[in-house]
Amino acid sequence: MYQILIADDHPLFREAMARVIDDGFPGSTLLEAADLASTLQMVSDNEDIDLVVLDLNMPGMHGLQGLVQLRNQFPTVPAVIVSAEEDKNTILQAVTCGAVGFITKSSPRKQMISALEQILAGSVYLPSDIIRANNSSESSRADNPLLPEVLESLTRKQLQVFERMTHGESNKVIAWEMNIAESTVKAHVSAILRKLGATNRVQAILIASEVDFSAYQKRAGQR
């Protein structure tokens with residue numbers, strides 16, 4: 001089905017990741033690399049690579065610098081970070097630097113497969129439990145002083161779509177779960193981003209990290 005490069009310096013993790021991919025995407029071609037230099041060479045030699053599964057801490061990476069180098073040299077080849085790192089800022093920075101997703105190594109096998117399915121379908125995957133981890137309410141209000149008013153301007157359907165966005169669901173999945181057309185979901189997403197002043201889904205998810213959607217949906221239903 002796919003050609004996927006697993007780039008990680010730990011042979012045991014490469015083997016485990018290969019089993020995950022075999023389970024979720026049988027018949028896929030798997031390539032392996034153990035450092036950034038061999039990763040770049042492998043991508044250069046294989047123009048049909050559908051996805052690079054990239055470790056942040058393997059030799060040559062220097063954290064996100066390696067991701068930036070990969071994206072600069074091969075901007076059309078998607079790369080997802082799979083790392084033991086679980087810091088929210090690092091995850092968001094990785095997506096800002098061009099990653100199409102961030103999967104933590106502690107994720108269960110089914111969650112990893114679901115994340116890869118979403119990424120290979122063209123969506124961005126973020127671990128919603130970490131992205132939505134609570135910060136202090138004071139800091140949240142300081143960062144987003146207009147958030148309550150903006151949220152109250154959203155319709156109930158838009159709030160439902162927004163909540164599903166924060167769970168990392170793609171437009172296709174949201175459409176299926178809500179039993180509406182994908183074009184309708186796209187229209188809702190565009191309206192949400194416009195009202196939030198966000199340029200992409202990642203910014204919207206970050207803004208929504210403390211939102212109690214059930215309360216806003218209840219109010220919207222009463223309007």
# chains A, B, ... in the order shown; residues from 1 in each chain; ligands from 1
>>> residues_around(residues="Pro75 of chain A", least_positions_apart="2", cutoff="12 Å", atoms="only C-alpha atoms", output="PyMOL selection string")
chain A and resi 43-44+51-52+67-73+77-79+97-100
>>> write_last_selection(atoms="all heavy atoms", output="short mmCIF file (atom, residue, chain, number, x, y, z; two decimals), in the first residue's frame")
data_model
loop_
_atom_site.label_atom_id
_atom_site.label_comp_id
_atom_site.auth_asym_id
_atom_site.auth_seq_id
_atom_site.Cartn_x
_atom_site.Cartn_y
_atom_site.Cartn_z
N VAL A 43 15.74 9.11 1.55
CA VAL A 43 14.66 9.86 0.90
C VAL A 43 15.08 10.30 -0.50
O VAL A 43 14.29 10.25 -1.45
CB VAL A 43 14.26 11.08 1.76
CG1 VAL A 43 13.20 11.92 1.03
CG2 VAL A 43 13.73 10.64 3.11
N SER A 44 16.34 10.69 -0.63
CA SER A 44 16.85 11.11 -1.93
C SER A 44 16.83 9.96 -2.93
O SER A 44 16.54 10.15 -4.12
CB SER A 44 18.28 11.64 -1.77
OG SER A 44 18.82 12.00 -3.03
N LEU A 51 5.82 8.44 3.51
CA LEU A 51 5.88 8.99 4.86
C LEU A 51 7.21 8.63 5.51
O LEU A 51 7.70 7.51 5.36
CB LEU A 51 4.74 8.43 5.71
CG LEU A 51 4.63 8.93 7.16
CD1 LEU A 51 4.28 10.43 7.18
CD2 LEU A 51 3.59 8.15 7.94
N VAL A 52 7.78 9.61 6.23
CA VAL A 52 8.95 9.35 7.06
C VAL A 52 8.51 9.38 8.51
O VAL A 52 7.92 10.35 8.98
CB VAL A 52 10.05 10.42 6.83
CG1 VAL A 52 11.25 10.14 7.75
CG2 VAL A 52 10.49 10.44 5.37
N LEU A 67 14.50 17.96 11.61
CA LEU A 67 13.21 18.02 10.93
C LEU A 67 13.20 19.16 9.92
O LEU A 67 12.75 18.99 8.78
CB LEU A 67 12.08 18.19 11.95
CG LEU A 67 10.70 18.52 11.38
CD1 LEU A 67 10.18 17.39 10.51
CD2 LEU A 67 9.71 18.83 12.52
N VAL A 68 13.67 20.33 10.32
CA VAL A 68 13.70 21.49 9.42
C VAL A 68 14.56 21.18 8.20
O VAL A 68 14.20 21.51 7.06
CB VAL A 68 14.23 22.73 10.17
CG1 VAL A 68 14.44 23.89 9.20
CG2 VAL A 68 13.25 23.15 11.27
N GLN A 69 15.71 20.53 8.42
CA GLN A 69 16.59 20.19 7.30
C GLN A 69 15.90 19.22 6.33
O GLN A 69 15.96 19.40 5.11
CB GLN A 69 17.89 19.55 7.82
CG GLN A 69 18.94 19.32 6.74
CD GLN A 69 20.25 18.83 7.30
OE1 GLN A 69 20.51 18.90 8.51
NE2 GLN A 69 21.11 18.29 6.45
N LEU A 70 15.21 18.22 6.89
CA LEU A 70 14.48 17.27 6.04
C LEU A 70 13.39 17.98 5.24
O LEU A 70 13.23 17.75 4.03
CB LEU A 70 13.87 16.17 6.91
CG LEU A 70 12.95 15.16 6.21
CD1 LEU A 70 13.74 14.34 5.19
CD2 LEU A 70 12.28 14.24 7.23
N ARG A 71 12.64 18.86 5.89
CA ARG A 71 11.55 19.57 5.21
C ARG A 71 12.10 20.52 4.13
O ARG A 71 11.49 20.67 3.08
CB ARG A 71 10.72 20.36 6.23
CG ARG A 71 10.05 19.52 7.29
CD ARG A 71 9.08 18.51 6.70
NE ARG A 71 8.01 19.18 5.99
CZ ARG A 71 7.58 18.83 4.78
NH1 ARG A 71 8.14 17.83 4.14
NH2 ARG A 71 6.59 19.48 4.22
N ASN A 72 13.25 21.16 4.41
CA ASN A 72 13.83 22.08 3.44
C ASN A 72 14.31 21.33 2.20
O ASN A 72 14.16 21.81 1.07
CB ASN A 72 14.99 22.85 4.06
CG ASN A 72 14.52 23.94 5.01
OD1 ASN A 72 13.36 24.36 4.96
ND2 ASN A 72 15.39 24.39 5.89
N GLN A 73 14.91 20.16 2.40
CA GLN A 73 15.46 19.41 1.26
C GLN A 73 14.38 18.65 0.50
O GLN A 73 14.47 18.48 -0.72
CB GLN A 73 16.53 18.43 1.75
CG GLN A 73 17.80 19.11 2.21
CD GLN A 73 18.93 18.12 2.48
OE1 GLN A 73 19.03 17.07 1.84
NE2 GLN A 73 19.78 18.43 3.44
N VAL A 77 7.73 15.52 0.89
CA VAL A 77 7.69 14.24 1.59
C VAL A 77 7.22 14.46 3.03
O VAL A 77 7.91 15.12 3.81
CB VAL A 77 9.08 13.55 1.59
CG1 VAL A 77 9.01 12.23 2.37
CG2 VAL A 77 9.55 13.30 0.16
N PRO A 78 6.06 13.95 3.40
CA PRO A 78 5.56 14.18 4.76
C PRO A 78 6.38 13.43 5.81
O PRO A 78 6.84 12.31 5.57
CB PRO A 78 4.12 13.67 4.70
CG PRO A 78 4.08 12.72 3.57
CD PRO A 78 5.11 13.18 2.58
N ALA A 79 6.54 14.05 6.96
CA ALA A 79 7.28 13.44 8.07
C ALA A 79 6.47 13.56 9.34
O ALA A 79 5.97 14.64 9.68
CB ALA A 79 8.64 14.12 8.25
N CYS A 97 7.18 23.45 12.51
CA CYS A 97 8.37 23.26 11.67
C CYS A 97 8.11 22.36 10.47
O CYS A 97 9.03 22.09 9.70
CB CYS A 97 9.51 22.68 12.51
SG CYS A 97 10.23 23.82 13.71
N GLY A 98 6.87 21.89 10.34
CA GLY A 98 6.53 21.15 9.13
C GLY A 98 6.15 19.70 9.30
O GLY A 98 5.84 19.03 8.31
N ALA A 99 6.18 19.17 10.53
CA ALA A 99 5.75 17.78 10.73
C ALA A 99 4.25 17.67 10.47
O ALA A 99 3.49 18.59 10.78
CB ALA A 99 6.08 17.32 12.15
N VAL A 100 3.83 16.53 9.94
CA VAL A 100 2.40 16.32 9.68
C VAL A 100 1.72 15.67 10.88
O VAL A 100 0.52 15.36 10.83
CB VAL A 100 2.16 15.46 8.43
CG1 VAL A 100 2.61 16.21 7.19
CG2 VAL A 100 2.86 14.11 8.55
#
>>> residues_around(residues="Ser107 of chain A", least_positions_apart="4", cutoff="12 Å", atoms="only C-alpha atoms", output="VMD selection string")
chain A and resid 17 20 82 to 86 102 to 103 111 to 116 126 to 130
>>> closest_residue(among="A:Gly24, A:Asp48, A:Leu31, A:Thr199", to="Thr76 of chain A", atoms="only C-alpha atoms")
A:Asp48
>>> residues_around(residues="Ile119 of chain A", least_positions_apart="5", cutoff="8 Å", atoms="only C-alpha atoms", output="MDAnalysis selection string")
chainID A and resid 100:101 124:125
>>> select_by_dssp(residues="segment 39-219 of chain A", states="alpha helix (DSSP H)", output="VMD selection string")
chain A and resid 39 to 45 64 to 73 88 to 96 109 to 120 128 to 131 137 to 143 147 to 152 156 to 166 171 to 178 182 to 196 201 to 207 213 to 219
>>> residues_around(residues="Lys172 of chain A", least_positions_apart="2", cutoff="12 Å", atoms="only C-alpha atoms", output="MDAnalysis selection string")
chainID A and resid 117:118 121:123 161 164:165 168:170 174:186
>>> closest_residue(among="A:Val53, A:Asn171, A:Gln41, A:Leu206", to="Ala18 of chain A", atoms="only C-alpha atoms")
A:Val53
>>> select_by_dssp(residues="segment 15-221 of chain A", states="strand (DSSP E or B)", output="VMD selection string")
chain A and resid 29 to 33 51 to 54 79 to 83 101 to 104 125
>>> atom_distance(atom1="atom CA of Asp8 of chain A", atom2="atom CA of Asn200 of chain A")
29.1 Å
>>> atom_distance(atom1="atom CA of Ala94 of chain A", atom2="atom CA of Asp35 of chain A")
18.0 Å
>>> closest_residue(among="A:Tyr2, A:Leu30, A:Phe74, A:Arg194", to="Gln158 of chain A", atoms="only C-alpha atoms")
A:Arg194
>>> closest_residue(among="A:Phe213, A:Leu120, A:Ile207, A:Ala16", to="Pro108 of chain A", atoms="only C-alpha atoms")
A:Ala16
>>> closest_residue(among="A:Gln203, A:Asn46, A:Gln3, A:Asn57", to="Phe162 of chain A", atoms="only C-alpha atoms")
A:Gln203
>>> decode(residues="segment 11-25 of chain A", atoms="all heavy atoms", output="compact mmCIF listing (two decimals), in the first residue's frame")
# COMPACT_ATOMS: atom_id res chain seq x y z
N PRO A 11 17.28 -0.18 17.12
CA PRO A 11 16.79 -1.29 16.31
C PRO A 11 15.51 -1.91 16.85
O PRO A 11 14.62 -2.27 16.07
CB PRO A 11 17.94 -2.30 16.34
CG PRO A 11 19.16 -1.48 16.63
CD PRO A 11 18.69 -0.37 17.53
N LEU A 12 15.39 -2.01 18.18
CA LEU A 12 14.19 -2.61 18.76
C LEU A 12 12.95 -1.77 18.47
O LEU A 12 11.87 -2.31 18.22
CB LEU A 12 14.36 -2.80 20.28
CG LEU A 12 15.26 -3.96 20.71
CD1 LEU A 12 15.39 -3.99 22.22
CD2 LEU A 12 14.69 -5.29 20.21
N PHE A 13 13.10 -0.43 18.49
CA PHE A 13 11.95 0.41 18.18
C PHE A 13 11.61 0.32 16.70
O PHE A 13 10.42 0.28 16.33
CB PHE A 13 12.17 1.86 18.57
CG PHE A 13 10.99 2.72 18.20
CD1 PHE A 13 9.83 2.69 18.95
CD2 PHE A 13 11.01 3.52 17.06
CE1 PHE A 13 8.72 3.44 18.60
CE2 PHE A 13 9.91 4.27 16.69
CZ PHE A 13 8.76 4.23 17.47
N ARG A 14 12.61 0.29 15.84
CA ARG A 14 12.34 0.15 14.40
C ARG A 14 11.57 -1.15 14.14
O ARG A 14 10.63 -1.19 13.36
CB ARG A 14 13.64 0.17 13.60
CG ARG A 14 14.37 1.51 13.63
CD ARG A 14 15.33 1.65 12.45
NE ARG A 14 16.30 0.57 12.38
CZ ARG A 14 17.48 0.59 12.99
NH1 ARG A 14 17.85 1.63 13.74
NH2 ARG A 14 18.33 -0.42 12.86
N GLU A 15 11.97 -2.21 14.83
CA GLU A 15 11.29 -3.50 14.67
C GLU A 15 9.85 -3.41 15.18
O GLU A 15 8.92 -3.90 14.52
CB GLU A 15 12.05 -4.58 15.45
CG GLU A 15 11.46 -5.97 15.31
CD GLU A 15 12.23 -7.00 16.11
OE1 GLU A 15 13.44 -6.77 16.39
OE2 GLU A 15 11.65 -8.03 16.47
N ALA A 16 9.66 -2.77 16.34
CA ALA A 16 8.31 -2.63 16.90
C ALA A 16 7.44 -1.77 15.99
O ALA A 16 6.26 -2.08 15.75
CB ALA A 16 8.39 -2.01 18.29
N MET A 17 8.00 -0.68 15.46
CA MET A 17 7.24 0.20 14.57
C MET A 17 6.89 -0.52 13.28
O MET A 17 5.80 -0.33 12.72
CB MET A 17 8.06 1.47 14.28
CG MET A 17 7.24 2.61 13.73
SD MET A 17 6.12 3.27 14.97
CE MET A 17 4.79 3.84 13.94
N ALA A 18 7.80 -1.36 12.80
CA ALA A 18 7.53 -2.13 11.58
C ALA A 18 6.35 -3.07 11.80
O ALA A 18 5.50 -3.24 10.90
CB ALA A 18 8.78 -2.92 11.18
N ARG A 19 6.26 -3.67 12.99
CA ARG A 19 5.14 -4.56 13.28
C ARG A 19 3.82 -3.79 13.31
O ARG A 19 2.78 -4.27 12.85
CB ARG A 19 5.36 -5.29 14.61
CG ARG A 19 6.43 -6.37 14.54
CD ARG A 19 6.29 -7.37 15.68
NE ARG A 19 6.43 -6.73 16.97
CZ ARG A 19 7.58 -6.60 17.63
NH1 ARG A 19 8.71 -7.05 17.08
NH2 ARG A 19 7.63 -6.02 18.81
N VAL A 20 3.87 -2.57 13.89
CA VAL A 20 2.67 -1.72 13.93
C VAL A 20 2.20 -1.41 12.51
O VAL A 20 1.01 -1.53 12.18
CB VAL A 20 2.95 -0.41 14.69
CG1 VAL A 20 1.80 0.59 14.50
CG2 VAL A 20 3.15 -0.68 16.18
N ILE A 21 3.13 -1.04 11.65
CA ILE A 21 2.79 -0.69 10.26
C ILE A 21 2.30 -1.92 9.50
O ILE A 21 1.33 -1.85 8.73
CB ILE A 21 3.99 -0.03 9.56
CG1 ILE A 21 4.31 1.32 10.23
CG2 ILE A 21 3.71 0.17 8.07
CD1 ILE A 21 5.61 1.94 9.77
N ASP A 22 2.93 -3.07 9.74
CA ASP A 22 2.48 -4.30 9.09
C ASP A 22 1.05 -4.65 9.48
O ASP A 22 0.26 -5.11 8.67
CB ASP A 22 3.41 -5.47 9.45
CG ASP A 22 4.71 -5.45 8.64
OD1 ASP A 22 4.72 -4.84 7.56
OD2 ASP A 22 5.70 -6.04 9.10
N ASP A 23 0.74 -4.43 10.76
CA ASP A 23 -0.62 -4.72 11.24
C ASP A 23 -1.65 -3.79 10.60
O ASP A 23 -2.74 -4.22 10.22
CB ASP A 23 -0.69 -4.56 12.78
CG ASP A 23 -0.07 -5.75 13.50
OD1 ASP A 23 0.27 -6.75 12.84
OD2 ASP A 23 0.08 -5.67 14.74
N GLY A 24 -1.31 -2.49 10.55
CA GLY A 24 -2.27 -1.51 10.06
C GLY A 24 -2.30 -1.35 8.56
O GLY A 24 -3.35 -1.00 7.99
N PHE A 25 -1.17 -1.62 7.90
CA PHE A 25 -1.06 -1.39 6.46
C PHE A 25 -0.33 -2.55 5.80
O PHE A 25 0.80 -2.39 5.31
CB PHE A 25 -0.33 -0.06 6.20
CG PHE A 25 -0.86 1.08 7.02
CD1 PHE A 25 -0.28 1.39 8.24
CD2 PHE A 25 -1.96 1.81 6.59
CE1 PHE A 25 -0.78 2.43 9.02
CE2 PHE A 25 -2.45 2.85 7.35
CZ PHE A 25 -1.87 3.15 8.57
